[in-house]
Every structure is written in structure tokens, then in C-alpha cells.
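Let me begin by presenting the structure, written as C-alpha cells, before commenting on it.
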Amino acid sequence: MDLSKALLNSLLDWFHVYHLLVVFGLVAAIYKLTLALIKRRNIIQNIRDFPGPPKHWLFGHAFEMKQDLDRMVKWGEQYQYTMSLWFGPFIHVINIQHPDYIKTMLTSSDPKDDFGYRLLESWIGDGLLVSQGQKWFRHRRLLTPGFHYDVLKPYVKLMSESANIMLNKWQCYAATNETFEMFEHVSLKTLDSILKCVFSCKTNCQTQDGKNAYIKAVYELSYLINLRVMIFPYHSNLLFHLSPHGFRYRKARRVAHNYTEEIIRKRKEELKDEKELSRIQSKRYLDFLDILLSAKDEKQKGLSDKNLRAEVDTFLFEGHDTTASGISFTLYCLACNPEHQKICRKEIIAALGDKDIMEWEDLSKIPYITMCIKESLHLYPPIPGMSRTITKSITFPDGRTLPPWSRIATDVYGLHRNKTVWENPDVFEPLRFLPENVAKRPPCTFVPFSAGPRNCIGQNFAMNEMKVVIALALKRYQLIEDPTHKPKLIPRLILRSLNGIHIKIKPID
């Protein structure tokens, strides 16, 4: 009897504890919901001067933005290139597509926004892309020498070697005249280049059988982060963690982290060898990974393992994926515009002659190819959008004002299609990048690498690689459009095509 009583009392105690936990959870949920509703009310009051398209009461504009980039362009025309957009009921941004507004934002040192970029942190850490304040300033200053011109010069030959590996693989497509999807090939090539150049890492990723695990993980992570932005319940870390998509995210993230940790481990092992250490120390300019491993602060302390991996994760992702997008869409544009392709081919043959390797000096001999690359970046910017959280009130040229802690998104794709600053913005016209034509446009009209103090630190590296790949590809192959395979653009972390990017090729006689 006493045992039954004790058991009953124990069950009642557990029931009371469970009851209290449920009550506490409900109170916490109601409290958070109340704060969110108050914040939403304040946002609505602050954006009265910034109208936007009609929205769904629960999902906002998420589905429209997910499905159609060109709809954003049409909205820009309708709302004078500055509009209110909602991601679910509580996340709001002012989307801007006009250079005057964009200049006001990009020339400031305001941090990246506290929503979209926060979702990246568990993958790429608090590296140069995400960090802010003194940490960002210190890391930017620390890493800039890794992209000095004298460091970039020897990379051109390595980029050429990687490009030729890819182009050799393409011989089978040239022989059969079949259509093929090139984005995956180009991604492997840009991964190969950044591993060899920036990390001095020997790799055979282009010739391995099967899909590359790291590139597959990057595709998956990009998709899932974009999904989190669009589906508002996934804005909660807990709900996303418990979901099947959260499980997929952690699995892909583990693959990406293992890949970068192996790069760091191998270099640290090499530095234990006195001969290798002596070679590193004798170099006039250190590569990116050398700088990270030898970095010291004012107290002579190096980067923690966490910060080290964050920077490696950031540059490995940003350095290969965005460049792969730029190269792939440029090749596609040239396939669709054979008259410009012909001019580019004459230029590269005149510059290289019989050589099949580009060198630093050759980069300045191909101005028309450079204009074609810029025109492709104009039509298909690898980073279709970026956002900031302003830390103080900001007044735009038309007198409208936003209060501190507002989120502002630069719609790069929409800006580059803005008819008020670009003549025939949807037409492939490389001559718009002649110096005299560039001078006629206002600042911040063309921002594929952002602008201002937080512009892309690796933009010269990316442009050099694009020039090398495009030039060598045109020297060996004629690029041909397949009208049955038009790209279906989708904004992930970078600009991709839902159905891939397809072309045909023929060997040059």
C-alpha cells in the first residue's frame, strides 16, 4: 500500500513538473509572439513611404521571389525601384534597384543583415563575408596581402593548367556534337584552381570519377539556406533543426567542414617539415592559407581553429562557386551571340599565337573578351542580391528616410536590368563597357562584386580566372547555343539555372 502511494505521489509530482513546463513554454511562446507583433507594427509604421506589391498574409512575397527573378524587375518598374518586401509575417526588407539608393547604402560600413547572413554562420562561420565591426576590419586588413598583384601573377599559369584539364575533357562532346551541361564541369575547374592557387593544395578533383562530394554539399547547402529564407517557420533554429531539411543541412555541412578541415590539417602537417617551413618563410608574398596560419594579433596570438576554418570555408565557397557561375553564363552568352564570339576568338589568337597557356602579361591583351565578361556579369550577376542592416537612420536622395536597424537589400539582378540607367538592359551588348560609355553611367550602376568598403576582396582573382577560361575555351572550341535548353534562372546563394546551363561545341580547325 505504501509503495502504491509513493508511486502515485511520484507520478503526480512528474505531472506537476510536466504541467509547469508546458505552462512555461506557452508563456515563453506568447511573449515571443507579442514581441514579434510589436516589432511588425513598428516596421509597418516606419515603411509608410515605401509601398510594395500585394503580399500573402502569411508568406509575404516569398513564393513570388523564389519562382521568378524577372517579376522582381517588373515590380521595380512599378514601384520606382524601391519597394517593401516581406519574408513571412515578421521579416521585412526594403528592396532597392536604383544606383542612387544603392550608392547611399554600399558606401557605408553598415554590417550585413542579421537575418539572411545569420543563416550562413553555422556553415561558413563568422568569416570575412559575415563578420562586422573591428573583427571584420582586422581580418580584411590581414587578408588583403593574399590578393596582391604579385601574389596573383603566378596564379594565371595554374588557372590555365586547370582550364586545359577541363577543355581536354570536353573533346568527347566536340566529337559527337551533343549538348552537354557545363556548370558542373566549370565548378570542378574553379574548385581545382582555388585549391591550387589560394591554398597551394595539390588536387585531382577534375579527373576523379563520380560527383565531387564538396561541390554536391555546396549545392545542397545553398538550396537549404535559400529554403530557410523563403519558409518562415524555418526562421526558427529549433524548428529547422527538428525538420527533415535540418537533418539534410547538418549532413551536407559535415561534408563541407570535413573537406576544409582536411585542407588545414594537411598544411599544418607540411609546416612541421623544416624544409617546407623554410620554403614558406622565404616566399616574398604568402598565399591565403599561409597568411591565415601565420597571422598574429597585437598580443602575438594566432587565429583560433574556429576562426581559421571560418575563413577557409568562406573563401573556398565564395572563391569557386561565384566564379563558376560567372564563367558558365559568359560561355552561354557567347554561344548565343556568335558575332561577338568571333571577335573574341580573333583577339585571343592574336594575343596567344600558338601558346595554349596564358600568362600574366596576356590578360591585358584581351579587352574585348573582358568587355564580354562584364556584359555577362551585367545580365547574369553571380550574386543576385545582398543586404545590410543599417545602424543609423538613412535618408535617400528623394528625401525618404529609414530608421536604424532597418534591413535594406540591394537587388543586383534588378539593378542591372533597370531601364532608367541601362539602354536595352536585356540585350547582350559588350560595347556598353567601353571606357567612354562607362563614364556616362552614374556610380554603383554595375556592382557584380559589390562596392564600397565591403566590396569583394577576391574580385581581381575572379576576373583573372574568368579571362583565362573564356579565352582558352574560345581558342579551342566554337560555342553553339542549343535553343531547346534555355536556362531557368533561380536565385540561390548564387545565380544558378534550375535545369543547368547547356551548350554544344565544335573544335576550331
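To be explicit about the labels: the chains of the C-alpha cells are called A, B, and onward in the order shown, and within each one the residues are counted from 1, while ligands get numbers from 1 in the order they are shown.
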### Message
Residues near Lys506 (chain A), anyone? I mean within 12 Å using only C-alpha atoms, not counting same-chain ones fewer than 5 positions away, as JSON, numbers by chain.
### Response
{"A": [167, 170, 171, 172, 173, 174, 175, 176, 177, 178, 179, 335, 473, 474, 475, 476, 477, 478, 479, 480, 481]}
Take the residues just selected and output them with C-alpha atoms as a PDB file, in the first residue's frame.
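Written output follows (selection38.pdb):
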```
ATOM      1  CA  LEU A 167      38.818  21.593 -72.022  1.00  0.00           C
ATOM      2  CA  TRP A 170      35.264  18.407 -73.447  1.00  0.00           C
ATOM      3  CA  GLN A 171      36.820  16.747 -76.529  1.00  0.00           C
ATOM      4  CA  CYS A 172      34.273  13.926 -76.334  1.00  0.00           C
ATOM      5  CA  TYR A 173      31.408  16.447 -76.656  1.00  0.00           C
ATOM      6  CA  ALA A 174      33.120  18.181 -79.574  1.00  0.00           C
ATOM      7  CA  ALA A 175      33.484  14.862 -81.389  1.00  0.00           C
ATOM      8  CA  THR A 176      29.811  13.917 -81.039  1.00  0.00           C
ATOM      9  CA  ASN A 177      28.247  17.401 -81.333  1.00  0.00           C
ATOM     10  CA  GLU A 178      25.967  16.556 -78.402  1.00  0.00           C
ATOM     11  CA  THR A 179      24.542  19.082 -75.974  1.00  0.00           C
ATOM     12  CA  ALA A 335      27.253  30.706 -77.585  1.00  0.00           C
ATOM     13  CA  ALA A 473      37.854  27.851 -74.405  1.00  0.00           C
ATOM     14  CA  LEU A 474      37.323  30.136 -77.415  1.00  0.00           C
ATOM     15  CA  LYS A 475      40.775  29.306 -78.773  1.00  0.00           C
ATOM     16  CA  ARG A 476      39.906  25.602 -78.893  1.00  0.00           C
ATOM     17  CA  TYR A 477      36.153  25.425 -79.468  1.00  0.00           C
ATOM     18  CA  GLN A 478      33.279  27.092 -81.235  1.00  0.00           C
ATOM     19  CA  LEU A 479      30.431  27.526 -78.754  1.00  0.00           C
ATOM     20  CA  ILE A 480      26.932  26.805 -80.093  1.00  0.00           C
ATOM     21  CA  GLU A 481      23.591  27.562 -78.479  1.00  0.00           C
TER      22      GLU A 481
END
```
Near-Asn95 (chain A) list (7 Å; only C-alpha atoms; drop same-chain fewer than 3 positions) as a PDB file with N, CA, C and O atoms, in the first residue's frame:
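Result file selection-v3.pdb:
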```pdb
ATOM      1  N   THR A  82      12.244  50.998 -55.615  1.00  0.00           N
ATOM      2  CA  THR A  82      12.418  50.906 -54.161  1.00  0.00           C
ATOM      3  C   THR A  82      11.100  50.416 -53.574  1.00  0.00           C
ATOM      4  O   THR A  82      10.084  51.108 -53.675  1.00  0.00           O
ATOM      5  N   MET A  83      11.108  49.231 -52.964  1.00  0.00           N
ATOM      6  CA  MET A  83       9.825  48.661 -52.537  1.00  0.00           C
ATOM      7  C   MET A  83       9.979  47.829 -51.274  1.00  0.00           C
ATOM      8  O   MET A  83      11.065  47.342 -50.943  1.00  0.00           O
ATOM      9  N   SER A  84       8.867  47.664 -50.576  1.00  0.00           N
ATOM     10  CA  SER A  84       8.806  46.844 -49.375  1.00  0.00           C
ATOM     11  C   SER A  84       8.522  45.398 -49.753  1.00  0.00           C
ATOM     12  O   SER A  84       7.608  45.127 -50.535  1.00  0.00           O
ATOM     13  N   LEU A  85       9.297  44.468 -49.178  1.00  0.00           N
ATOM     14  CA  LEU A  85       9.089  43.043 -49.394  1.00  0.00           C
ATOM     15  C   LEU A  85       9.097  42.320 -48.057  1.00  0.00           C
ATOM     16  O   LEU A  85       9.850  42.687 -47.143  1.00  0.00           O
ATOM     17  N   ILE A 408      18.000  46.536 -45.559  1.00  0.00           N
ATOM     18  CA  ILE A 408      17.956  47.030 -46.939  1.00  0.00           C
ATOM     19  C   ILE A 408      18.650  46.007 -47.834  1.00  0.00           C
ATOM     20  O   ILE A 408      19.777  45.586 -47.563  1.00  0.00           O
ATOM     21  N   ALA A 409      17.965  45.609 -48.906  1.00  0.00           N
ATOM     22  CA  ALA A 409      18.517  44.628 -49.841  1.00  0.00           C
ATOM     23  C   ALA A 409      18.852  45.293 -51.167  1.00  0.00           C
ATOM     24  O   ALA A 409      18.018  46.008 -51.739  1.00  0.00           O
ATOM     25  N   THR A 410      20.065  45.076 -51.644  1.00  0.00           N
ATOM     26  CA  THR A 410      20.445  45.511 -52.984  1.00  0.00           C
ATOM     27  C   THR A 410      20.101  44.398 -53.965  1.00  0.00           C
ATOM     28  O   THR A 410      20.684  43.316 -53.924  1.00  0.00           O
ATOM     29  N   ASP A 411      19.126  44.660 -54.819  1.00  0.00           N
ATOM     30  CA  ASP A 411      18.723  43.698 -55.835  1.00  0.00           C
ATOM     31  C   ASP A 411      19.624  43.902 -57.050  1.00  0.00           C
ATOM     32  O   ASP A 411      19.325  44.693 -57.942  1.00  0.00           O
TER      33      ASP A 411
END
```
### Summary
Taken to one decimal, the CA of Met466 (chain A)-CA of Phe317 (chain A) distance is 16.5 Å
Within 10 Å of region 450-459 of chain A, which residues of region 289-380 of chain A come that close, and what is the closest atom pair and distance in Å for each? Count only C-alpha atoms and give it as a tab-separated table.
```
residue	atom	partner	partner_atom	distance
A:Phe315	CA	A:Gly458	CA	8.7
A:Glu318	CA	A:Gly458	CA	8.9
A:Gly319	CA	A:Gly458	CA	7.4
A:Thr323	CA	A:Gln459	CA	9.4
```
